[in-house]
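Take a look at the structure below.
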Amino acid sequence: MLNSLPTRSMSSALVNSAYAAGNITKQSLDNLPSSVIRLEGIPAYRLSISCFPDVPNRMDIRSMGGDSTDIHLFWDTANGIRKTDQLTATYPGTPSEIGGRNRESMDIAFTAFNPNASEVYLGLLTRFNLTKRAGPSTSYGPLRYRAFNMSSVSGKGSQLFNGTQRIMSVYGLRCSLFRELGYANYTRLNTSGSVSGWEASQFTFAVDQQKVNVASLLYPYQGSNLNFHLPGQWTPGIGPAFLPINRSKIDTSPSSPYPHPLFFPFDEAPLKFLYASGETQRIIHEISALNTSVSNNAPQMFIEVTSISTAEHYRMTLVPSLLLVGLLSLAGAGIITIGMMSFMWASKSAETSRRVDGVRLLVDSALNLKGREEQLLQLARSSNAEIDAWAARYKVRYSAEDADGTTTVVLKKG
């Protein structure tokens, strides 16, 4: 995340120069059924940053052992009682990491925090006494310089500042993070029919609520805990992630005390710090949610929100039509069959339970045509059309004959 800050646009990462997110983890969203497409009323928070130009009254560099070095900044105020504010920047490495003659530039970016991390100083340390020069202009106001004689710096770093590095100037912004609470709605994203994640579609925050000053969770990771070195930057620590050197632009103007690489716009430094603080908090919450211990899955860790789901409905059009046609055909066949049965019910064959099939019809026909062999012989020599014409004229029917007290059904010419 810190490596991508120098090239990341804050206009797309932040909403109206603020970091907003819901109190919900990616894991909990991914575990929802695919039918859930929207969540409403999720508790959310918004982080904003407030800055003003400032310079310390005193500065000190001390080595905290072989693995880290501190840059201490002191502000002296006199409001009846003398009070000293101290902000400290810690970077991994020895004092020689920011001193020495072989450095291409003595512009050192650093990030100093107060003890409870509620304040941060986004500063630069550069060569020469620049107190009489106008500092860079920012949306937070014009920056100003304060020079320090590095030979008076205590600690192991003092001997490293010599030559043009003996007098160093400090300038920067003193900033604080603030948090507001509200609610968010999340909408499921779909790309080409496939689920691709969730998006916070709407945030709601009360206008009249008081902003609360909060600590940045970046504070524990500025030194050897993270041992961060931004690629392409020789200054160690997290400071260069917010104020990286733009090596493609070199200040060679006559007003410049020496040719040196320019930094990216100073206005972006607080926004990059704000985004990094918000992302650090989100990442820490995501990692914490992976812990399945009972303490992290207590009832108070879960909330109920309103959800909107989709439901699948099927519309049957072709199948019912085919079913209706089939039923009508079946009903028609049944009516024809019943009609034929009704017609034959009063016949002599039905009365005598005489079943007329193909064989019975052949025997009955032979009996009926007995004595007409000569006529049939001539008919057999005729064509099919003539036979059909003869059959159409030759009408037969079944009739009952009484003989010997019994009733016989026979086929006769009708």
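Every chain in the structure tokens takes a letter, A first, then B, and so on in the order presented; its residues are numbered from 1, and the ligands are numbered from 1 following the presented order.
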Residues near region 210-225 of chain A, anyone? I mean within 7 Å using only C-alpha atoms, not counting same-chain ones fewer than 4 positions away, as a ChimeraX atom specification.
/A:67-68,90-92,113,116-118,176-180,237-238,277,280-281
Write the selection just made, keeping C-alpha atoms, as a CSV table (one decimal), in the first residue's frame?
```csv
chain,number,residue,atom,x,y,z
A,67,ASP,CA,18.5,-0.6,14.1
A,68,SER,CA,16.7,2.8,14.4
A,90,THR,CA,11.7,7.2,13.7
A,91,TYR,CA,13.4,5.6,10.7
A,92,PRO,CA,15.2,2.2,10.4
A,113,PHE,CA,4.4,11.8,15.7
A,116,ASN,CA,-0.2,9.4,21.4
A,117,ALA,CA,0.0,9.7,17.6
A,118,SER,CA,-2.8,12.3,17.5
A,176,SER,CA,-4.2,16.0,13.0
A,177,LEU,CA,-6.7,13.3,12.0
A,178,PHE,CA,-10.4,13.5,12.9
A,179,ARG,CA,-13.1,10.9,12.8
A,180,GLU,CA,-16.9,11.1,12.3
A,237,GLY,CA,11.2,5.3,6.8
A,238,ILE,CA,7.7,6.0,5.8
A,277,SER,CA,-3.9,5.9,7.9
A,280,THR,CA,-3.9,0.8,7.7
A,281,GLN,CA,-6.9,0.7,10.0
```
For this session: Would you return as a PyMOL selection string the members of region 24-67 of chain A that DSSP assigns to helix (DSSP H, G or I) on this structure's backbone?
Result: chain A and resi 26-30
message: What's around His285 (chain A) at 12 Å? Count only C-alpha atoms, leave out sequence neighbours fewer than 6 positions away in its own chain, and write the answer as a list in words.
response: Ala21, Gly22, Asn23, Ile24, Thr25, Lys26, Gln27, Ser28, Leu217, Gly278, Glu279, Asn291, Asn296 and Met301 of chain A
Dump as a PDB file, in the first residue's frame, selection limited to C-alpha atoms:
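Output saved as out02.pdb:
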```pdb
ATOM      1  CA  ALA A  21     -15.339   3.168   5.062  1.00  0.00           C
ATOM      2  CA  GLY A  22     -17.852   0.879   6.699  1.00  0.00           C
ATOM      3  CA  ASN A  23     -17.287  -1.180   9.835  1.00  0.00           C
ATOM      4  CA  ILE A  24     -17.510  -4.372   7.845  1.00  0.00           C
ATOM      5  CA  THR A  25     -14.860  -6.777   6.589  1.00  0.00           C
ATOM      6  CA  LYS A  26     -14.388  -8.231   3.131  1.00  0.00           C
ATOM      7  CA  GLN A  27     -14.680 -11.711   4.598  1.00  0.00           C
ATOM      8  CA  SER A  28     -18.135 -11.027   6.032  1.00  0.00           C
ATOM      9  CA  LEU A 217      -2.282   3.560  13.300  1.00  0.00           C
ATOM     10  CA  GLY A 278      -7.382   4.818   6.754  1.00  0.00           C
ATOM     11  CA  GLU A 279      -6.084   1.830   4.786  1.00  0.00           C
ATOM     12  CA  ASN A 291      -8.929 -14.690  14.091  1.00  0.00           C
ATOM     13  CA  ASN A 296     -13.301 -11.836  18.416  1.00  0.00           C
ATOM     14  CA  MET A 301     -18.997  -7.905  17.402  1.00  0.00           C
TER      15      MET A 301
END
```
Neighbouring residues of Thr138 (chain A) were defined as those with any atom within 9 Å, considering only C-alpha atoms; residues of the same chain fewer than 2 positions away were excluded. Please report them as a list in words. Pro53, Pro136, Tyr140, Gly141, Pro142, Leu143, Pro265, Phe266 and Asp267 of chain A
note - CA of Pro56 (chain A) and CA of Leu271 (chain A) are separated by 22.0 Å
Which residue, A:Ala134, A:Val319, A:Met59, A:Met10, has the smallest gap to Ala89 (chain A) when you use only C-alpha atoms?
->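 Smallest distance to Ala89 (chain A) is found for A:Met59.
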